[in-house]
Structure formats: structure tokens, C-alpha cells
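Chemist: Pasting my_file20.csv below, which is CSV, C-alpha atoms.
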chain,number,residue,atom,x,y,z
A,1,MET,CA,-174.7,55.8,-84.4
A,2,PRO,CA,-175.1,57.2,-87.9
A,3,GLU,CA,-176.1,60.8,-88.2
A,4,LEU,CA,-179.8,61.3,-89.1
A,5,ILE,CA,-180.9,63.5,-91.9
A,6,GLY,CA,-182.1,67.0,-90.7
A,7,VAL,CA,-185.8,67.5,-90.4
A,8,SER,CA,-185.7,70.8,-92.3
A,9,GLU,CA,-183.7,69.2,-95.1
A,10,PHE,CA,-186.2,66.3,-95.2
A,11,LEU,CA,-189.2,68.7,-95.2
A,12,GLU,CA,-187.8,70.8,-98.0
A,13,GLU,CA,-186.9,67.9,-100.3
A,14,THR,CA,-190.1,66.0,-99.6
A,15,ARG,CA,-192.3,69.1,-100.1
A,16,GLU,CA,-190.6,69.8,-103.4
A,17,ASP,CA,-191.1,66.3,-104.5
A,18,TYR,CA,-194.7,66.2,-103.3
A,19,ASN,CA,-195.7,69.5,-105.0
A,20,SER,CA,-193.8,68.8,-108.3
A,21,PRO,CA,-193.0,65.1,-108.8
A,22,THR,CA,-192.0,65.5,-112.4
A,23,THR,CA,-189.4,68.2,-111.8
A,24,SER,CA,-188.3,67.3,-108.3
A,25,THR,CA,-184.7,67.1,-107.3
A,26,PHE,CA,-185.3,64.4,-104.8
A,27,THR,CA,-182.0,63.1,-103.4
A,28,LEU,CA,-182.5,59.4,-104.0
A,29,ASP,CA,-182.8,59.8,-107.8
A,30,PHE,CA,-179.3,61.4,-107.8
A,31,ASP,CA,-178.0,58.7,-105.6
A,32,ARG,CA,-179.3,56.0,-107.9
A,33,GLU,CA,-177.9,57.8,-111.0
A,34,GLY,CA,-174.5,58.2,-109.4
A,35,LEU,CA,-174.3,54.6,-108.2
A,36,THR,CA,-175.4,53.3,-111.6
A,37,LYS,CA,-172.6,55.2,-113.3
A,38,LEU,CA,-170.2,53.8,-110.6
A,39,LYS,CA,-171.4,50.3,-111.3
A,40,LYS,CA,-170.9,50.7,-115.1
A,41,ALA,CA,-167.4,52.0,-114.5
A,42,VAL,CA,-166.4,49.2,-112.2
A,43,LYS,CA,-167.9,46.6,-114.5
A,44,ALA,CA,-165.9,48.0,-117.4
A,45,ILE,CA,-162.7,47.9,-115.3
A,46,HIS,CA,-163.5,44.3,-114.3
A,47,ASN,CA,-164.2,43.2,-117.9
A,48,SER,CA,-161.1,44.9,-119.3
A,49,GLY,CA,-159.0,43.4,-116.5
A,50,ASN,CA,-160.2,39.9,-117.2
A,51,SER,CA,-159.6,40.4,-120.9
A,52,HIS,CA,-156.0,41.6,-120.1
A,53,VAL,CA,-155.6,38.4,-118.0
A,54,ASP,CA,-156.8,36.2,-121.0
A,55,ASN,CA,-154.4,38.0,-123.4
A,56,GLU,CA,-151.5,37.5,-120.9
A,57,MET,CA,-152.2,33.8,-120.7
A,58,CYS,CA,-152.1,33.6,-124.5
A,59,LEU,CA,-148.7,35.3,-124.3
A,60,VAL,CA,-147.6,32.8,-121.7
A,61,ARG,CA,-148.5,29.9,-123.9
A,62,ALA,CA,-146.7,31.5,-126.9
A,63,LEU,CA,-143.5,32.0,-124.8
A,64,GLU,CA,-143.7,28.4,-123.5
A,65,ARG,CA,-143.9,27.2,-127.1
A,66,LEU,CA,-140.9,29.3,-128.1
A,67,GLY,CA,-138.9,28.1,-125.2
A,68,SER,CA,-139.7,24.4,-125.9
A,69,VAL,CA,-138.7,24.9,-129.6
A,70,ALA,CA,-135.4,26.6,-128.6
A,71,LEU,CA,-134.6,23.8,-126.1
A,72,SER,CA,-135.3,21.2,-128.7
A,73,LYS,CA,-132.8,22.9,-131.0
A,74,GLU,CA,-130.1,22.7,-128.3
A,75,GLU,CA,-130.3,26.4,-127.4
A,76,PRO,CA,-130.5,26.1,-123.6
A,77,ASP,CA,-130.0,29.8,-122.8
A,78,ILE,CA,-132.5,31.1,-125.3
A,79,GLY,CA,-135.1,28.4,-124.4
A,80,ALA,CA,-134.6,29.0,-120.6
A,81,ALA,CA,-135.1,32.8,-121.2
A,82,PHE,CA,-138.4,32.3,-123.0
A,83,LEU,CA,-139.6,30.0,-120.3
A,84,LYS,CA,-138.5,32.4,-117.5
A,85,PHE,CA,-140.5,35.2,-119.2
A,86,SER,CA,-143.5,32.9,-119.4
A,87,VAL,CA,-143.3,32.2,-115.6
A,88,VAL,CA,-143.1,35.9,-114.7
A,89,THR,CA,-145.9,36.8,-117.0
A,90,LYS,CA,-148.0,34.0,-115.5
A,91,GLU,CA,-147.3,35.3,-112.0
A,92,LEU,CA,-148.3,38.9,-112.9
A,93,SER,CA,-151.4,37.6,-114.7
A,94,ALA,CA,-152.4,35.7,-111.5
A,95,LEU,CA,-152.0,39.0,-109.5
A,96,MET,CA,-154.2,40.8,-112.0
A,97,LYS,CA,-156.8,38.1,-111.8
A,98,THR,CA,-156.9,38.3,-108.0
A,99,LEU,CA,-157.3,42.1,-108.2
A,100,MET,CA,-160.2,41.8,-110.6
A,101,GLN,CA,-161.9,39.3,-108.2
A,102,ASN,CA,-161.4,41.8,-105.4
A,103,ILE,CA,-163.0,44.7,-107.3
A,104,ASN,CA,-165.9,42.5,-108.1
A,105,ASN,CA,-166.4,41.2,-104.6
A,106,ILE,CA,-165.5,44.3,-102.6
A,107,VAL,CA,-167.0,47.1,-104.8
A,108,MET,CA,-169.2,45.7,-107.5
A,109,PHE,CA,-171.3,43.3,-105.4
A,110,PRO,CA,-172.3,45.8,-102.6
A,111,VAL,CA,-173.2,48.5,-105.2
A,112,ASP,CA,-175.2,46.1,-107.2
A,113,SER,CA,-177.0,44.9,-104.1
A,114,LEU,CA,-177.8,48.4,-103.1
A,115,LEU,CA,-179.3,49.3,-106.5
A,116,LYS,CA,-181.3,46.1,-106.7
A,117,SER,CA,-182.7,46.2,-103.2
A,118,GLU,CA,-182.8,49.5,-101.2
A,119,LEU,CA,-182.8,51.8,-104.2
A,120,ARG,CA,-185.0,49.8,-106.5
A,121,GLY,CA,-188.2,51.8,-107.0
A,122,MET,CA,-187.4,53.3,-103.6
A,123,LYS,CA,-188.7,56.8,-104.3
A,124,GLY,CA,-192.3,55.7,-104.7
A,125,GLU,CA,-192.3,52.8,-102.2
A,126,MET,CA,-190.8,54.9,-99.4
A,127,LYS,CA,-193.1,57.8,-99.8
A,128,ARG,CA,-196.3,56.0,-100.3
A,129,PRO,CA,-197.1,55.2,-96.6
A,130,PHE,CA,-195.9,58.6,-95.6
A,131,ASP,CA,-198.1,60.4,-98.2
A,132,LYS,CA,-201.1,58.4,-97.2
A,133,ALA,CA,-200.6,59.2,-93.5
A,134,ALA,CA,-200.1,62.9,-94.3
A,135,LYS,CA,-203.2,62.9,-96.5
A,136,ASP,CA,-205.3,61.2,-93.8
A,137,TYR,CA,-204.0,63.7,-91.2
A,138,ASP,CA,-204.8,66.7,-93.3
A,139,SER,CA,-208.3,65.4,-94.2
A,140,LYS,CA,-209.2,64.7,-90.6
A,141,LEU,CA,-207.8,68.0,-89.5
A,142,MET,CA,-209.8,69.9,-92.1
A,143,LYS,CA,-213.0,67.9,-91.3
A,144,ILE,CA,-212.8,68.7,-87.6
A,145,GLU,CA,-212.1,72.4,-88.2
A,146,LYS,CA,-215.2,72.6,-90.4
A,147,GLU,CA,-217.3,70.9,-87.8
A,148,LYS,CA,-216.0,73.2,-85.0
A,149,LYS,CA,-216.7,76.3,-87.2
A,150,ALA,CA,-220.2,75.0,-88.1
A,151,ILE,CA,-221.1,74.4,-84.4
A,152,ALA,CA,-219.9,77.9,-83.5
A,153,LYS,CA,-221.9,79.4,-86.3
A,154,GLU,CA,-225.1,77.7,-85.1
A,155,VAL,CA,-224.8,79.3,-81.7
A,156,GLY,CA,-224.1,82.7,-83.3
A,157,MET,CA,-220.3,82.8,-83.0
A,158,MET,CA,-217.8,83.5,-85.8
A,159,ARG,CA,-214.6,81.5,-85.6
A,160,THR,CA,-211.7,82.1,-88.0
A,161,GLU,CA,-209.5,79.4,-86.6
A,162,VAL,CA,-209.4,76.4,-84.3
A,163,THR,CA,-206.6,76.0,-81.8
A,164,PRO,CA,-204.6,72.8,-81.8
A,165,ALA,CA,-205.4,72.1,-78.2
A,166,GLU,CA,-209.1,71.8,-79.1
A,167,ILE,CA,-208.7,69.1,-81.7
A,168,ALA,CA,-205.5,67.4,-80.4
A,169,GLU,CA,-207.3,64.5,-78.8
A,170,GLU,CA,-209.7,63.9,-81.7
A,171,ILE,CA,-206.8,63.6,-84.3
A,172,GLU,CA,-204.4,61.8,-82.0
A,173,LYS,CA,-204.6,58.6,-83.9
A,174,GLU,CA,-203.9,60.2,-87.3
A,175,ARG,CA,-201.2,62.3,-85.8
A,176,ARG,CA,-199.4,59.3,-84.3
A,177,VAL,CA,-199.7,57.4,-87.6
A,178,PHE,CA,-198.3,60.4,-89.5
A,179,GLN,CA,-195.4,60.7,-87.0
A,180,LEU,CA,-194.7,56.9,-87.2
A,181,GLN,CA,-194.6,56.9,-91.0
A,182,MET,CA,-192.4,60.0,-91.0
A,183,CYS,CA,-190.1,58.2,-88.5
A,184,GLU,CA,-190.0,55.1,-90.7
A,185,TYR,CA,-189.2,57.2,-93.7
A,186,LEU,CA,-186.3,58.9,-92.0
A,187,ILE,CA,-185.0,55.6,-90.6
A,188,LYS,CA,-185.0,54.0,-94.1
A,189,PHE,CA,-183.5,57.1,-95.7
A,190,ASN,CA,-180.8,57.1,-93.0
A,191,GLU,CA,-180.0,53.4,-93.7
A,192,ILE,CA,-179.6,54.2,-97.4
A,193,LYS,CA,-177.5,57.2,-96.7
A,194,THR,CA,-175.2,55.1,-94.5
A,195,LYS,CA,-174.8,52.3,-97.2
A,196,LYS,CA,-174.1,54.8,-100.1
A,197,GLY,CA,-171.8,56.8,-98.0
A,198,ILE,CA,-169.9,55.3,-95.1
A,199,GLU,CA,-170.2,51.6,-96.1
A,200,LEU,CA,-169.3,52.3,-99.7
A,201,LEU,CA,-166.2,54.2,-98.7
A,202,GLN,CA,-165.3,51.4,-96.4
A,203,HIS,CA,-165.5,49.0,-99.4
A,204,LEU,CA,-163.3,51.4,-101.4
A,205,VAL,CA,-160.8,51.4,-98.5
A,206,GLU,CA,-160.7,47.6,-98.7
A,207,TYR,CA,-160.2,47.8,-102.4
A,208,TYR,CA,-157.3,50.3,-101.9
A,209,HIS,CA,-155.6,47.7,-99.7
A,210,ALA,CA,-156.2,45.1,-102.4
A,211,GLN,CA,-154.6,47.4,-104.9
A,212,ASN,CA,-151.7,48.1,-102.6
A,213,ASN,CA,-151.0,44.3,-102.2
A,214,TYR,CA,-151.3,43.9,-106.0
A,215,PHE,CA,-148.6,46.5,-106.7
A,216,LYS,CA,-146.4,45.4,-103.9
A,217,ASP,CA,-146.5,41.7,-105.0
A,218,GLY,CA,-146.0,42.8,-108.6
A,219,LEU,CA,-142.9,44.9,-107.7
A,220,LYS,CA,-141.5,42.0,-105.7
A,221,THR,CA,-141.9,39.7,-108.7
A,222,ILE,CA,-140.3,42.2,-111.1
A,223,ALA,CA,-137.4,42.9,-108.7
A,224,HIS,CA,-136.7,39.2,-108.3
A,225,PHE,CA,-136.8,38.9,-112.1
A,226,GLY,CA,-134.5,41.9,-112.5
A,227,THR,CA,-131.4,39.9,-111.2
A,228,TYR,CA,-132.0,37.3,-113.9
A,229,ILE,CA,-132.4,40.1,-116.5
A,230,GLU,CA,-128.9,41.4,-115.7
A,231,GLU,CA,-127.5,37.9,-116.2
A,232,LEU,CA,-129.5,37.3,-119.3
A,233,SER,CA,-128.3,40.6,-120.9
A,234,ILE,CA,-124.7,39.4,-120.5
A,235,LYS,CA,-125.5,36.0,-122.0
A,236,LEU,CA,-127.4,37.5,-124.9
A,237,GLN,CA,-124.3,39.7,-125.8
A,238,THR,CA,-122.2,36.6,-125.8
A,239,ILE,CA,-124.6,34.7,-127.9
A,240,ARG,CA,-125.0,37.6,-130.3
A,241,HIS,CA,-121.2,37.9,-130.6
A,242,LYS,CA,-121.0,34.2,-131.4
A,243,GLN,CA,-123.8,34.3,-134.0
A,244,ASP,CA,-122.2,37.4,-135.6
A,245,GLU,CA,-118.9,35.6,-135.8
A,246,GLU,CA,-120.6,32.6,-137.4
A,247,ARG,CA,-122.3,34.9,-139.9
A,248,ARG,CA,-119.1,36.6,-140.7
A,249,LYS,CA,-117.4,33.3,-141.4
A,250,LEU,CA,-120.3,32.2,-143.6
A,251,LEU,CA,-120.1,35.4,-145.6
A,252,GLU,CA,-116.4,35.0,-146.1
A,253,LEU,CA,-117.0,31.4,-147.2
A,254,ARG,CA,-119.8,32.6,-149.6
A,255,THR,CA,-117.4,35.2,-151.1
A,256,LEU,CA,-114.7,32.5,-151.5
A,257,LEU,CA,-117.1,30.1,-153.2
A,258,ARG,CA,-118.3,32.8,-155.6
A,259,SER,CA,-114.7,33.5,-156.6
A,260,THR,CA,-114.4,30.0,-157.9
A,261,PRO,CA,-113.6,29.9,-161.6
A,262,ASP,CA,-116.6,29.3,-163.9
A,263,PHE,CA,-118.9,30.2,-161.0
A,264,ASP,CA,-121.2,32.1,-163.3
A,265,ARG,CA,-122.0,28.9,-165.2
A,266,VAL,CA,-123.4,27.2,-162.2
A,267,GLU,CA,-127.2,27.2,-162.4
A,268,ASN,CA,-129.7,28.1,-159.6
A,269,VAL,CA,-127.0,29.7,-157.5
A,270,PRO,CA,-127.6,33.4,-156.5
A,271,SER,CA,-124.7,35.6,-157.6
A,272,GLY,CA,-123.3,38.7,-155.9
A,273,ASP,CA,-125.1,40.9,-158.4
A,274,LYS,CA,-128.5,39.8,-156.9
A,275,GLY,CA,-127.6,41.2,-153.5
A,276,GLY,CA,-127.6,37.7,-152.0
A,277,ALA,CA,-131.5,37.4,-152.0
A,278,VAL,CA,-132.5,34.0,-153.4
A,279,GLY,CA,-135.4,34.4,-155.9
A,280,TYR,CA,-135.8,38.1,-155.2
A,281,SER,CA,-136.1,40.3,-158.3
A,282,LEU,CA,-138.3,43.2,-157.4
A,283,HIS,CA,-135.6,45.6,-156.4
A,284,GLN,CA,-132.6,45.5,-158.7
A,285,LEU,CA,-129.3,47.2,-158.1
A,286,GLN,CA,-129.1,50.7,-159.5
A,287,GLY,CA,-126.2,53.0,-160.2
A,288,ASP,CA,-122.6,52.3,-161.2
A,289,LYS,CA,-121.2,49.3,-159.5
A,290,ASN,CA,-117.7,50.6,-160.1
A,291,HIS,CA,-118.3,53.2,-157.4
A,292,GLY,CA,-118.8,50.4,-154.9
A,293,ILE,CA,-121.9,48.9,-153.3
A,294,THR,CA,-121.4,50.1,-149.7
A,295,ARG,CA,-121.5,53.5,-148.2
A,296,SER,CA,-120.4,54.8,-144.8
A,297,GLY,CA,-120.6,58.3,-143.4
A,298,HIS,CA,-122.5,60.7,-141.1
A,299,LEU,CA,-126.1,61.8,-141.3
A,300,LEU,CA,-128.2,64.1,-139.0
A,301,LYS,CA,-131.0,62.1,-137.4
A,302,LYS,CA,-134.0,63.7,-135.7
A,303,SER,CA,-134.2,62.4,-132.1
A,304,GLU,CA,-137.3,60.5,-130.9
A,305,GLY,CA,-137.9,62.5,-127.7
A,306,LYS,CA,-141.5,63.2,-126.8
A,307,VAL,CA,-140.8,66.7,-125.4
A,308,ARG,CA,-137.9,68.1,-127.4
A,309,ARG,CA,-136.7,66.6,-130.7
A,310,VAL,CA,-133.2,67.7,-131.8
A,311,TRP,CA,-130.9,66.8,-134.7
A,312,GLN,CA,-128.2,64.3,-133.7
A,313,LYS,CA,-125.1,63.4,-135.8
A,314,ARG,CA,-124.9,59.6,-136.3
A,315,ARG,CA,-122.6,57.4,-138.3
A,316,CYS,CA,-124.5,55.3,-140.8
A,317,ARG,CA,-123.4,52.5,-143.1
A,318,VAL,CA,-125.2,50.8,-146.1
A,319,THR,CA,-124.0,47.2,-146.4
A,320,ALA,CA,-123.7,45.1,-149.5
A,321,ASP,CA,-126.6,42.9,-148.5
A,322,GLY,CA,-129.1,45.7,-148.4
A,323,PHE,CA,-129.1,46.8,-144.7
A,324,LEU,CA,-128.6,50.2,-143.1
A,325,ASP,CA,-126.7,50.3,-139.8
A,326,ILE,CA,-127.4,53.4,-137.7
A,327,CYS,CA,-124.8,53.8,-134.9
A,328,HIS,CA,-125.6,55.2,-131.5
A,329,ALA,CA,-123.9,58.1,-129.9
A,330,ASP,CA,-121.7,55.5,-128.1
A,331,GLU,CA,-120.4,53.7,-131.2
A,332,THR,CA,-119.2,50.8,-129.2
A,333,LYS,CA,-122.8,49.6,-128.8
A,334,ALA,CA,-124.4,47.4,-131.5
A,335,PRO,CA,-126.0,49.6,-134.2
A,336,THR,CA,-129.6,49.6,-135.1
A,337,ARG,CA,-130.1,47.6,-138.3
A,338,VAL,CA,-132.8,48.3,-140.9
A,339,ASN,CA,-133.6,46.2,-143.9
A,340,LEU,CA,-133.8,48.7,-146.8
A,341,LEU,CA,-135.6,46.2,-149.0
A,342,THR,CA,-138.7,46.4,-146.7
A,343,CYS,CA,-138.5,50.2,-146.1
A,344,GLN,CA,-140.1,53.2,-147.8
A,345,ILE,CA,-138.1,56.4,-148.4
A,346,LYS,CA,-139.9,59.7,-148.8
A,347,PRO,CA,-138.1,62.9,-149.6
A,348,LEU,CA,-139.0,66.0,-147.6
A,349,ALA,CA,-140.8,68.8,-149.4
A,350,ASP,CA,-139.1,71.6,-147.4
A,351,ASP,CA,-135.6,70.1,-147.3
A,352,ARG,CA,-134.0,68.9,-150.6
A,353,LYS,CA,-131.4,66.8,-148.7
A,354,GLY,CA,-133.8,65.5,-146.1
A,355,PHE,CA,-135.8,62.2,-146.3
A,356,ASP,CA,-138.0,59.9,-144.1
A,357,LEU,CA,-137.0,56.3,-143.8
A,358,ILE,CA,-140.0,54.3,-142.8
A,359,SER,CA,-139.6,50.6,-141.7
A,360,CYS,CA,-142.2,48.2,-140.3
A,361,LYS,CA,-141.2,49.2,-136.7
A,362,HIS,CA,-139.8,52.7,-136.8
A,363,ALA,CA,-139.7,55.9,-138.8
A,364,PHE,CA,-136.4,57.8,-139.1
A,365,LEU,CA,-135.9,61.4,-140.2
A,366,PHE,CA,-132.5,62.1,-141.8
A,367,THR,CA,-130.8,65.0,-143.5
Could the structure of this file be written out as C-alpha cells, please?

Modeler:
Amino acid sequence: MPELIGVSEFLEETREDYNSPTTSTFTLDFDREGLTKLKKAVKAIHNSGNSHVDNEMCLVRALERLGSVALSKEEPDIGAAFLKFSVVTKELSALMKTLMQNINNIVMFPVDSLLKSELRGMKGEMKRPFDKAAKDYDSKLMKIEKEKKAIAKEVGMMRTEVTPAEIAEEIEKERRVFQLQMCEYLIKFNEIKTKKGIELLQHLVEYYHAQNNYFKDGLKTIAHFGTYIEELSIKLQTIRHKQDEERRKLLELRTLLRSTPDFDRVENVPSGDKGGAVGYSLHQLQGDKNHGITRSGHLLKKSEGKVRRVWQKRRCRVTADGFLDICHADETKAPTRVNLLTCQIKPLADDRKGFDLISCKHAFLFT
């Protein structure tokens, strides 16, 4: 059986509310305010979660399109990888959608029902019958006391007070009504206290289990996908090696074709002096070409750590076609490649040899 509110607590809060209704700290007002804020927070989570689901479905459709295009171009491994990512994203999106349905049904609906039913105008409606019964009781009590004192005065007696036993029977009806309304008030207050306390926490416990299932199922999906990722990484290295080899052969063929006699007389063919960029004339080569058009050496690069950033020595190479290759600490790994034609270079004010290299995706600090 739920614990009833204490009588002393009830009398204190009710008396304060009764004597000063505009400044009272009556409990139900705070309950309503807190539940309203809870409802807004849950609604915001629900809306943002559904928006996340919609965006993930857009991502799924984009991945499916990329996969279909790759398969149509006879790239089965690439196409299959895009489609696999779309399937995993769709499964995770379905889990998120279920979680948002759970938070709406388990938490949002009960809180909304409580605010729209039990706590809707509850402060005035609950107190009105009680206040009327208390007023009737006080009025009848004062009236009887005056009558008793008047009768005593007529017979020459002076009475300062009337004992409860003398008037108990005459105000029994009003007293019983007052007690009944007080009991009704306490019962209703106790029901609200149970719904906003125990029952709301039970709903949150249910939502906790729903979240637990969401994360467990999500981890299972990711773990199952992890085995494929390991295989895909090996395939991608093989495909990259194959494409790099094809590119190397094409570059060699281009160099061979450009070495053909009278090549400069051929119209509408990009020459080596243009950096291999067809129709691109904004950035022209600068410096003395006799010193070469490639550079290779070591630079100090500021690490990208969030806590501690340190200078790291890295081998860098500027290629003839306008790219900067930044090697890793393990130089056997494929270097990071940056297109210098799409980058900005800003010298450092406090370091004459230092400069910032800003690309569309990353910012590098060198010296």
C-alpha cells in the first residue's frame, strides 16, 4: 500500500497555500513544473532521434546507389562493400527507431497523461471542496460559540470559551463533511504522489531495459560486421595496389608519349610544363625548373592529439603533379596525400620557418 502523506506536512503546506495563495510553495506546482520540463526533454530526444533515423535512411539510399553504380562498372568488391555498409546502417537505424518508439510509449505517454489529467488545474480543483467544508465548519463553530456565550450572558454568566464536548453533537454534520473532504484530498494527493514517483520510476526502469537491448543489439550488429571489415581491409589494400600500379603505368606511358619528337607542335594536348592539369591555368609553376620539380625530405609536423600535441619528424615528398605525400611514423604504410592546388599555406608569425597547410579536410602545422 502506498505511503500516505503526513498530516503535519499536509496541514503546513495547505495552511501556507490557504493564507498566501500568490506566494505559496504548494507541492503540486513544483511537481507540474518538473514534469513539464521532463516532458520537454523527452520530446526533444524523441524528435532528434527520429531526425537521426531519417538522416541514416538517406545515407542508406546513397550507399545503395553507390553500390549499384560500382557493380554496374564491374567492380564487385567495391559495390558489395557499399551495399554491406548500407545494410548495417539500415539495421542500426531500425534499432534507433525502436528505441525512440519505446521512449515515446514508456516515458512520454505516461507523463503527458499525468499532466493532462491528474495535474491539470489540480491545485484549485482539489482544494475547492476541502476549502468549502473547512469554511462551513468554521462558520458553524463560530455561530454556535456566539449563541452559547449569548445565552450565558442572558442568565448573568460570563463565558470566555465553549468546550468541544458542548457543541460536538451540533456540528457533527459539518465536522464529518470536513473530515471526508480532507480524506478525499489526501487520497487524491497520494495517488498523484504515487504516479509521479513510484510509477514514473517504474517507467524509467522499463526504458532502461529498452536502452540496454538497443546497445546490446547494436554491439552484436557491429561485432558481426567487424569480421567483414577485416576482410574488406585486405581487399581494399589489394585493389589500391592494383590501381596504383595502373596509374604508375599510365604515368610512364604519358611520359613516353610526351617524349615523342615534335610533341610540342601537337595542339590541345597538355604538356609537362602545365603540371598535367588539363585546362588549368590559375597556378603556374614558379622557380627554376632546372633545380627539379620534386622535393623530398623531413619536416616537423605538430601531432593532432587532443590532450598533448608534440612535434613529430615526418618524411614528406612533393610530387611533380602537385601533391604532397606525408609519411607516417611507419613508412611502410601508405602516406597521406594532399592536393597542393586546393590548399592554403599560411606562414607563422612567431616562427620564420613554420607554416600552416590547410586543406579541405585537415590542417597541418609544419616547421

Chemist: Please report the interatomic distance between CA of Ser93 (chain A) and CA of Asn50 (chain A) in Å with one decimal.

Modeler: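 Computing the Euclidean distance for CA of Ser93 (chain A) and CA of Asn50 (chain A) yields 9.4 Å.
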
Chemist: Just to confirm, what's the straight-line distance from CA of Phe323 (chain A) to CA of Val338 (chain A) in Å (one decimal)?

Modeler: 5.5 Å

Chemist: How many Å lie between CA of Arg314 (chain A) and CA of Thr367 (chain A), rounded to one decimal?

Modeler: 10.8 Å

Chemist: Could you give me, as a list in words, the residues that sit within 12 Å of (-124.6, 43.4, -145.4) in the file's coordinates, counting all atoms listed in the file?

Modeler: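 Within 12 Å of (-124.6, 43.4, -145.4), the protein and nucleic acid residues are Asp244, Arg247, Arg248, Leu251, Glu252, Gly272, Gly275, Gly276, Ala277, Ile293, Thr294, Arg295, Arg317, Val318, Thr319, Ala320, Asp321, Gly322, Phe323, Leu324, Asp325, Arg337, Val338, Asn339, Leu340 and Leu341 of chain A.
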
Chemist: Give me, as a VMD selection string, all polymer residues having an atom no more than 12 Å from region 63-73 of chain A, counting all atoms listed in the file and skipping those fewer than 6 positions away in the same chain.

Modeler: chain A and resid 56 to 57 79 to 90

Chemist: Would you list the contacts of region 104-113 of chain A as a PyMOL selection string, taking every protein, DNA or RNA residue within 12 Å and counting all atoms listed in the file, but skipping same-chain residues closer than 2 positions in sequence?

Modeler: chain A and resi 31-47+49-50+97-102+115-120+192+195-197+199-211

Chemist: Store the residues picked out above, limited to C-alpha atoms, as a short mmCIF file (atom, residue, chain, number, x, y, z; two decimals), in the frame of the given file.

Modeler:
data_model
loop_
_atom_site.label_atom_id
_atom_site.label_comp_id
_atom_site.auth_asym_id
_atom_site.auth_seq_id
_atom_site.Cartn_x
_atom_site.Cartn_y
_atom_site.Cartn_z
CA ASP A 31 -178.00 58.70 -105.60
CA ARG A 32 -179.30 56.00 -107.90
CA GLU A 33 -177.90 57.80 -111.00
CA GLY A 34 -174.50 58.20 -109.40
CA LEU A 35 -174.30 54.60 -108.20
CA THR A 36 -175.40 53.30 -111.60
CA LYS A 37 -172.60 55.20 -113.30
CA LEU A 38 -170.20 53.80 -110.60
CA LYS A 39 -171.40 50.30 -111.30
CA LYS A 40 -170.90 50.70 -115.10
CA ALA A 41 -167.40 52.00 -114.50
CA VAL A 42 -166.40 49.20 -112.20
CA LYS A 43 -167.90 46.60 -114.50
CA ALA A 44 -165.90 48.00 -117.40
CA ILE A 45 -162.70 47.90 -115.30
CA HIS A 46 -163.50 44.30 -114.30
CA ASN A 47 -164.20 43.20 -117.90
CA GLY A 49 -159.00 43.40 -116.50
CA ASN A 50 -160.20 39.90 -117.20
CA LYS A 97 -156.80 38.10 -111.80
CA THR A 98 -156.90 38.30 -108.00
CA LEU A 99 -157.30 42.10 -108.20
CA MET A 100 -160.20 41.80 -110.60
CA GLN A 101 -161.90 39.30 -108.20
CA ASN A 102 -161.40 41.80 -105.40
CA LEU A 115 -179.30 49.30 -106.50
CA LYS A 116 -181.30 46.10 -106.70
CA SER A 117 -182.70 46.20 -103.20
CA GLU A 118 -182.80 49.50 -101.20
CA LEU A 119 -182.80 51.80 -104.20
CA ARG A 120 -185.00 49.80 -106.50
CA ILE A 192 -179.60 54.20 -97.40
CA LYS A 195 -174.80 52.30 -97.20
CA LYS A 196 -174.10 54.80 -100.10
CA GLY A 197 -171.80 56.80 -98.00
CA GLU A 199 -170.20 51.60 -96.10
CA LEU A 200 -169.30 52.30 -99.70
CA LEU A 201 -166.20 54.20 -98.70
CA GLN A 202 -165.30 51.40 -96.40
CA HIS A 203 -165.50 49.00 -99.40
CA LEU A 204 -163.30 51.40 -101.40
CA VAL A 205 -160.80 51.40 -98.50
CA GLU A 206 -160.70 47.60 -98.70
CA TYR A 207 -160.20 47.80 -102.40
CA TYR A 208 -157.30 50.30 -101.90
CA HIS A 209 -155.60 47.70 -99.70
CA ALA A 210 -156.20 45.10 -102.40
CA GLN A 211 -154.60 47.40 -104.90
#

Chemist: Considering only C-alpha atoms, can you say which of A:Ile326, A:Arg352, A:Ser48, A:Leu59 comes closest to Leu92 (chain A)?

Modeler: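 Distance minimum relative to Leu92 (chain A) lands on A:Leu59.
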